[in-house]
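Heads up, coords29.cif below (mmCIF, C-alpha atoms and all ligand atoms):
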data_start
#
loop_
_atom_site.label_atom_id
_atom_site.label_comp_id
_atom_site.auth_asym_id
_atom_site.auth_seq_id
_atom_site.Cartn_x
_atom_site.Cartn_y
_atom_site.Cartn_z
CA MET A 22 121.03 132.51 113.78
CA ASP A 23 122.63 129.18 112.96
CA LYS A 24 119.99 126.52 112.41
CA ALA A 25 122.21 123.88 113.99
CA GLU A 26 121.84 125.66 117.34
CA PHE A 27 118.16 124.65 117.37
CA PRO A 28 117.79 120.91 117.12
CA TYR A 29 114.05 121.13 117.78
CA VAL A 30 111.40 121.96 115.24
CA LEU A 31 108.77 122.37 117.93
CA GLU A 32 109.27 123.15 121.56
CA ALA A 33 107.05 123.97 124.52
CA ARG A 34 108.55 125.47 127.67
CA ASN A 35 106.67 125.44 130.96
CA LEU A 36 103.22 125.98 129.48
CA ARG A 37 100.44 126.79 131.91
CA LYS A 38 96.83 127.37 131.00
CA SER A 39 93.69 127.82 133.07
CA TYR A 40 90.15 128.40 131.92
CA GLY A 41 87.56 130.36 133.90
CA LYS A 42 87.90 132.27 137.16
CA GLY A 43 87.61 131.64 140.88
CA GLU A 44 85.73 128.52 141.95
CA ASN A 45 85.00 127.53 138.38
CA SER A 46 88.60 127.75 137.27
CA VAL A 47 90.08 124.66 135.57
CA THR A 48 93.82 124.25 135.18
CA ALA A 49 94.17 122.45 131.85
CA LEU A 50 97.99 122.62 131.60
CA LYS A 51 100.07 122.67 134.77
CA ASP A 52 103.66 122.98 133.62
CA VAL A 53 104.13 121.31 130.28
CA SER A 54 107.47 121.15 128.50
CA PHE A 55 108.46 119.07 125.53
CA ALA A 56 110.63 119.24 122.45
CA ILE A 57 110.64 117.30 119.23
CA LYS A 58 113.12 117.06 116.41
CA PRO A 59 112.42 117.24 112.67
CA GLY A 60 110.87 114.04 111.36
CA GLU A 61 109.85 112.65 114.74
CA PHE A 62 106.38 111.20 115.15
CA ALA A 63 105.03 111.97 118.61
CA ALA A 64 101.87 110.41 119.98
CA ILE A 65 100.05 111.90 122.96
CA LEU A 66 97.75 109.60 124.92
CA GLY A 67 95.61 110.51 127.90
CA PRO A 68 92.11 110.45 129.34
CA SER A 69 89.36 112.80 128.29
CA GLY A 70 89.78 116.24 129.86
CA SER A 71 93.49 115.75 130.63
CA GLY A 72 94.54 118.74 128.46
CA LYS A 73 95.56 117.19 125.11
CA SER A 74 93.55 119.51 122.87
CA THR A 75 94.53 122.49 125.00
CA LEU A 76 98.19 121.63 124.41
CA LEU A 77 97.68 121.15 120.68
CA ASN A 78 95.91 124.51 120.46
CA MET A 79 98.91 126.19 122.11
CA LEU A 80 101.38 124.37 119.85
CA GLY A 81 99.31 125.34 116.82
CA LEU A 82 99.30 129.01 117.90
CA MET A 83 95.51 128.96 117.97
CA ASP A 84 95.40 129.97 121.62
CA GLN A 85 97.92 131.49 124.02
CA PRO A 86 99.17 130.04 127.30
CA ASP A 87 98.91 132.00 130.57
CA SER A 88 102.66 131.59 130.85
CA GLY A 89 105.43 129.68 129.13
CA GLU A 90 106.68 129.63 125.58
CA VAL A 91 106.07 127.88 122.28
CA LEU A 92 108.98 127.88 119.85
CA ILE A 93 108.72 126.93 116.21
CA ALA A 94 112.11 126.11 114.69
CA GLY A 95 113.69 127.96 117.60
CA LYS A 96 111.58 131.07 117.15
CA LYS A 97 109.46 132.25 120.07
CA ALA A 98 105.86 132.61 118.96
CA MET A 99 104.58 134.75 121.83
CA PRO A 100 106.20 138.07 120.94
CA LEU A 101 105.00 137.82 117.35
CA GLY A 102 101.95 139.76 116.26
CA GLU A 103 98.75 138.10 115.05
CA GLU A 104 99.77 138.46 111.42
CA ALA A 105 103.12 136.75 111.92
CA ARG A 106 101.48 133.94 113.88
CA ALA A 107 98.90 133.49 111.12
CA PHE A 108 101.75 133.28 108.62
CA LEU A 109 103.45 130.54 110.70
CA ARG A 110 100.15 128.66 111.04
CA ASN A 111 99.59 128.73 107.31
CA GLU A 112 103.13 128.10 106.09
CA LYS A 113 104.70 125.86 108.73
CA LEU A 114 101.81 123.98 110.33
CA GLY A 115 99.19 121.58 109.03
CA PHE A 116 96.12 120.80 111.13
CA ILE A 117 93.85 117.81 111.24
CA PHE A 118 90.93 118.07 113.63
CA GLN A 119 88.97 115.33 115.34
CA PHE A 120 85.99 116.11 113.17
CA ASP A 121 87.36 116.82 109.76
CA ALA A 122 86.05 120.42 109.57
CA LEU A 123 85.70 120.39 105.80
CA LEU A 124 83.45 123.16 104.50
CA SER A 125 80.28 121.50 103.27
CA GLU A 126 79.46 123.99 100.51
CA PHE A 127 82.79 123.46 98.73
CA THR A 128 84.07 120.44 96.83
CA ILE A 129 86.75 118.15 98.28
CA LEU A 130 89.26 119.66 95.84
CA GLU A 131 88.37 123.23 96.86
CA ASN A 132 88.63 122.31 100.54
CA ILE A 133 92.11 120.88 100.03
CA LEU A 134 93.15 123.98 98.09
CA PHE A 135 92.14 126.62 100.67
CA PRO A 136 95.41 126.73 102.66
CA ALA A 137 97.33 126.94 99.38
CA LEU A 138 95.21 129.81 98.08
CA ILE A 139 95.68 131.97 101.18
CA SER A 140 99.42 131.30 101.49
CA THR A 141 102.10 133.65 100.23
CA ARG A 142 103.06 130.84 97.90
CA ALA A 143 99.76 131.52 96.10
CA LYS A 144 101.18 134.83 94.95
CA LYS A 145 104.04 133.03 93.24
CA GLU A 146 102.37 129.84 92.16
CA PRO A 147 99.78 129.70 89.37
CA TYR A 148 96.42 128.25 90.42
CA SER A 149 96.92 125.33 88.03
CA GLU A 150 100.05 124.31 89.96
CA SER A 151 98.28 124.34 93.33
CA ARG A 152 95.42 122.40 91.79
CA LYS A 153 97.81 119.83 90.43
CA ARG A 154 99.40 119.36 93.86
CA ALA A 155 95.97 118.87 95.43
CA LEU A 156 95.02 116.30 92.79
CA ASP A 157 98.37 114.53 93.23
CA LEU A 158 97.71 114.22 96.97
CA LEU A 159 94.23 112.82 96.35
CA ASN A 160 95.72 110.40 93.86
CA HIS A 161 98.39 109.39 96.28
CA LEU A 162 95.77 108.52 98.88
CA GLY A 163 93.87 106.48 96.31
CA MET A 164 90.93 108.85 95.94
CA PRO A 165 91.23 110.48 92.50
CA ARG A 166 87.49 110.20 91.92
CA ILE A 167 86.25 112.28 94.84
CA ALA A 168 87.81 115.63 93.82
CA GLN A 169 84.60 117.16 92.49
CA ARG A 170 82.28 115.71 95.11
CA TYR A 171 81.03 117.56 98.17
CA PRO A 172 81.93 116.38 101.70
CA SER A 173 78.39 114.99 102.16
CA GLN A 174 78.95 112.75 99.12
CA VAL A 175 81.99 110.87 100.44
CA SER A 176 82.57 108.47 103.34
CA GLY A 177 83.87 109.46 106.78
CA GLY A 178 87.24 107.81 106.06
CA GLU A 179 87.52 109.67 102.76
CA ARG A 180 86.71 112.95 104.51
CA GLN A 181 89.48 112.34 107.06
CA ARG A 182 91.95 111.52 104.32
CA ALA A 183 90.84 114.65 102.43
CA ALA A 184 91.54 116.58 105.66
CA LEU A 185 94.99 114.98 105.64
CA CYS A 186 95.53 116.23 102.06
CA ARG A 187 94.46 119.70 103.17
CA ALA A 188 96.95 119.58 106.05
CA LEU A 189 99.71 118.63 103.60
CA ILE A 190 98.97 121.02 100.75
CA ASN A 191 101.45 123.68 101.89
CA ASP A 192 104.19 121.13 102.67
CA PRO A 193 104.16 121.97 106.38
CA ASP A 194 107.14 121.24 108.63
CA ILE A 195 104.78 120.10 111.38
CA ILE A 196 101.42 118.35 111.38
CA LEU A 197 99.23 118.66 114.46
CA ALA A 198 96.51 116.04 114.48
CA ASP A 199 93.85 115.91 117.22
CA GLU A 200 92.36 112.42 117.22
CA PRO A 201 92.06 112.32 113.43
CA THR A 202 90.82 108.74 113.58
CA GLY A 203 88.54 109.20 116.59
CA ASN A 204 85.25 108.96 114.74
CA LEU A 205 86.26 106.27 112.26
CA ASP A 206 85.92 102.50 112.41
CA LYS A 207 89.06 100.42 112.97
CA ALA A 208 89.87 99.79 109.29
CA ASN A 209 89.44 103.42 108.22
CA GLY A 210 91.27 104.63 111.30
CA GLU A 211 94.22 102.44 110.48
CA MET A 212 94.21 103.64 106.89
CA VAL A 213 94.33 107.31 107.93
CA PHE A 214 97.06 106.55 110.46
CA LYS A 215 99.14 104.65 107.91
CA ASP A 216 98.76 107.43 105.33
CA LEU A 217 99.80 110.01 107.88
CA GLU A 218 102.83 107.97 108.91
CA ALA A 219 103.95 107.20 105.34
CA LEU A 220 103.50 110.74 104.06
CA ALA A 221 105.24 112.18 107.08
CA ARG A 222 108.18 109.84 106.63
CA ARG A 223 108.48 110.55 102.92
CA ARG A 224 108.47 114.31 103.43
CA LEU A 225 110.36 114.31 106.75
CA THR A 226 107.42 116.04 108.31
CA THR A 227 107.15 116.17 112.10
CA VAL A 228 103.87 114.85 113.47
CA VAL A 229 102.20 115.40 116.83
CA LEU A 230 99.24 113.09 117.08
CA VAL A 231 96.66 113.02 119.86
CA THR A 232 95.02 109.62 120.00
CA HIS A 233 93.10 107.29 122.30
CA ASN A 234 94.45 104.32 120.38
CA GLU A 235 97.35 102.78 122.31
CA GLU A 236 98.07 100.35 119.51
CA ALA A 237 98.54 103.21 117.04
CA ALA A 238 100.67 105.10 119.56
CA LEU A 239 103.09 102.19 119.78
CA LYS A 240 104.11 102.89 116.18
CA ALA A 241 105.16 106.44 117.03
CA SER A 242 108.82 107.33 117.63
CA ARG A 243 107.95 109.20 120.85
CA VAL A 244 105.06 108.44 123.17
CA PHE A 245 103.74 110.90 125.75
CA HIS A 246 101.04 110.59 128.38
CA MET A 247 98.91 113.49 129.48
CA GLN A 248 97.37 113.18 132.91
CA ASP A 249 95.56 115.96 134.70
CA GLY A 250 97.42 118.74 132.87
CA THR A 251 100.86 117.15 133.22
CA LEU A 252 102.80 115.61 130.33
CA SER A 253 105.31 112.80 130.75
CA GLU A 254 107.21 110.76 128.21
CA ALA A 255 106.81 107.00 128.19
CA VAL A 256 109.92 104.89 128.71
CA ILE A 257 111.62 104.21 125.38
CA ARG A 258 111.06 100.68 124.16
CA VAL A 259 113.78 98.53 122.66
N1 LIG A 301 87.32 126.84 126.34
C1 LIG A 301 87.27 126.22 127.53
N2 LIG A 301 86.68 126.80 128.59
C2 LIG A 301 86.66 126.21 129.81
N3 LIG A 301 87.21 125.02 130.07
C3 LIG A 301 87.82 124.39 129.05
C4 LIG A 301 87.88 124.94 127.73
N4 LIG A 301 88.55 124.08 126.92
C5 LIG A 301 88.88 123.04 127.71
N5 LIG A 301 88.46 123.23 128.97
C6 LIG A 301 88.67 122.32 130.11
O1 LIG A 301 90.08 122.07 130.22
C7 LIG A 301 90.33 120.69 130.50
C8 LIG A 301 91.18 120.08 129.38
O2 LIG A 301 90.41 120.04 128.19
P1 LIG A 301 90.97 119.47 126.81
O3 LIG A 301 89.97 119.78 125.77
O4 LIG A 301 92.34 119.97 126.60
O5 LIG A 301 91.00 117.90 127.13
P2 LIG A 301 91.37 116.67 126.18
O6 LIG A 301 92.48 115.93 126.85
O7 LIG A 301 91.57 117.14 124.80
O8 LIG A 301 90.04 115.78 126.26
P3 LIG A 301 89.32 114.85 125.14
O9 LIG A 301 90.09 113.57 125.09
O10 LIG A 301 87.93 114.64 125.71
O11 LIG A 301 89.29 115.59 123.85
C9 LIG A 301 88.95 120.04 130.67
O12 LIG A 301 88.64 120.03 132.03
C10 LIG A 301 88.03 120.97 129.91
O13 LIG A 301 86.72 120.93 130.43
MG MG A 302 90.51 116.83 122.98
#
Could you quickly redo this structure as structure tokens?
Amino acid sequence: MDKAEFPYVLEARNLRKSYGKGENSVTALKDVSFAIKPGEFAAILGPSGSGKSTLLNMLGLMDQPDSGEVLIAGKKAMPLGEEARAFLRNEKLGFIFQFDALLSEFTILENILFPALISTRAKKEPYSESRKRALDLLNHLGMPRIAQRYPSQVSGGERQRAALCRALINDPDIILADEPTGNLDKANGEMVFKDLEALARRRLTTVVLVTHNEEAALKASRVFHMQDGTLSEAVIRV
């Protein structure tokens, strides 16, 4: 199908999601729709428990909604099998989690390389090429010296930026970041945010960022508020 027919790189249509049954049931997403275009930087703000991570998990194809659709580049994810969804996750999406989720028994370089090594690109690309891309990313973020260290041997800010390198290693179309600066101090948080913004702009990567930081959100091109399972877009500023 013609690409021009699908202006959105990521779209959610009427997502609903509840957890638990009966009296204990929690409706985390009530009827959430949104659509973003390639290269847009969307920030999602909202109180704790309002459904932000639930939404990101649906968008990242890590969990399925009770009803509604997620479309990646115009392609409905729901009818796809687990293997096809895993392919999309690995090739099209980059994830940054609130806690960096680096594997402690592997070096920073190895951590960054994992998504590259399990991608289909790995079959075509020699290991030395993937390694070079990982080292280039580390260099670019000003951390050439931490490649051979283990996550416990670097600072929290460096770990988050290493997680950013890992999210970028496969050149994803979309980065989904769940409070990537949540456990950092102000200076390190700003550094991670700036890196994310600059790299996304340079590569025309689409970013969906969950954050509690209203100041950071003001720099985004789209700002959304999540409240009690409902998403609304903030009025566009001039
Ligand atoms: N696996 C789960 N089982 C049961 N309830 C869940 C589960 N995950 C989330 N919830 C509930 O769904 C609601 C939304 O949770 P979610 O994690 O999406 O919130 P959030 O906006 O990301 O919050 P925070 O800012 O604290 O990370 C909450 O009431 C939460 O307790
Ligand atoms: Mg959350």
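Using all atoms listed in the file, the residues found no farther than 12 Å from Arg243 of chain A, other than those of its own chain fewer than 5 positions away, are Phe55, Ala56, Ile57, Lys58, Gly60, Glu61, Phe62, Ala63, Ala64, Ile65, Leu66, Thr227, Val228, Val229, Leu230, Val231, Ala237, Ala238, Ser253, Glu254, Ala255, Val256, Ile257 and Arg258 of chain A.
Pairwise distance (atom CA of Pro165 of chain A, atom CA of Thr141 of chain A) equals 26.7 Å.
Note that the spacing between atom CA of Leu162 of chain A and atom CA of Gly177 of chain A amounts to 14.3 Å.
Selection of all polymer residues within 10 Å of ligand MG 302 (chain A) on the basis of all atoms listed in the file gives Gly67, Pro68, Ser69, Gly70, Ser71, Gly72, Lys73, Ser74, Thr75, Leu76, Leu77, Asn78, Phe118, Gln119, Asp199, Glu200, Val231, Thr232 and His233 of chain A.
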Quiz item: Quick one: distance from atom CA of Pro201 of chain A to atom CA of Leu138 of chain A in Å, one decimal?
Solution: 23.5 Å
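Using only C-alpha atoms for every distance, the candidate list A:Lys97, A:Arg152, A:Lys42, A:Arg106 yields A:Arg152 as the residue closest to Ile129 of chain A.
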Self-check item: Selection: 9 Å around Glu131 of chain A, all atoms listed in the file, excl. self and same-chain fewer than 4 positions, as a VMD selection string
Solution: chain A and resid 127 135 152 155 168 to 169
Quiz prompt | Test item: residues at most 9 Å from segment 178-195 of chain A, all atoms listed in the file, excluding those fewer than 3 positions along its chain, as JSON, numbers by chain | solution = {"A": [30, 31, 59, 60, 111, 112, 113, 114, 115, 116, 117, 118, 119, 120, 121, 122, 123, 129, 130, 132, 133, 134, 135, 136, 137, 140, 142, 151, 154, 155, 158, 159, 162, 164, 167, 172, 173, 175, 201, 202, 204, 205, 206, 209, 210, 212, 213, 216, 217, 220, 224, 225, 226, 227, 228, 229]}
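For the residues A:Ser242, A:Asn234, A:Ser88, A:Ser149, ranking by smallest atom-to-atom distance to ligand LIG 301 (chain A) using only C-alpha atoms and all ligand atoms places A:Asn234 first.
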Can you sort out the box for segment 53-61 of chain A, edges along x, y and z, all listed atoms in, 8 Å on every side, with centre and edge lengths in Å to one decimal, as lines of an AutoDock Vina configuration file?
center_x = 108.6
center_y = 117.0
center_z = 120.8
size_x = 25.0
size_y = 24.7
size_z = 34.9
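Using all atoms listed in the file, the shortest contact distance between Ala198 of chain A and any of A:Leu80, A:Ser125, A:Pro28, A:Gly41 is found at A:Leu80.
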Quiz item: Taking into account all atoms listed in the file, which residue in the set A:Glu103, A:Glu90, A:Glu236, A:Asp84 is nearest to ligand LIG 301 (chain A)?
Solution: A:Asp84
Name the residues in contact with Leu50 of chain A at a cut-off of 7 Å, using only C-alpha atoms, excluding same-chain residues fewer than 4 positions from it; report them as an mmCIF file with C-alpha atoms, in the frame of the given file.
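Saved to part.cif:
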data_model
loop_
_atom_site.group_PDB
_atom_site.id
_atom_site.type_symbol
_atom_site.label_atom_id
_atom_site.label_comp_id
_atom_site.auth_asym_id
_atom_site.auth_seq_id
_atom_site.Cartn_x
_atom_site.Cartn_y
_atom_site.Cartn_z
ATOM 1 C CA LEU A 36 103.220 125.980 129.480
ATOM 2 C CA ARG A 37 100.440 126.790 131.910
ATOM 3 C CA LYS A 38 96.830 127.370 131.000
ATOM 4 C CA SER A 39 93.690 127.820 133.070
ATOM 5 C CA GLY A 72 94.540 118.740 128.460
ATOM 6 C CA GLY A 250 97.420 118.740 132.870
ATOM 7 C CA THR A 251 100.860 117.150 133.220
#
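The nearest approach to ligand LIG 301 (chain A) among the residues A:His246, A:Lys215, A:Lys145, A:Lys153, with all atoms listed in the file taken into account, belongs to A:His246.
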Quiz item: Which is closer to ligand LIG 301 (chain A) than all the others in A:Ser46, A:Glu150, A:Phe27, A:Ser176, using all atoms listed in the file?
Solution: A:Ser46
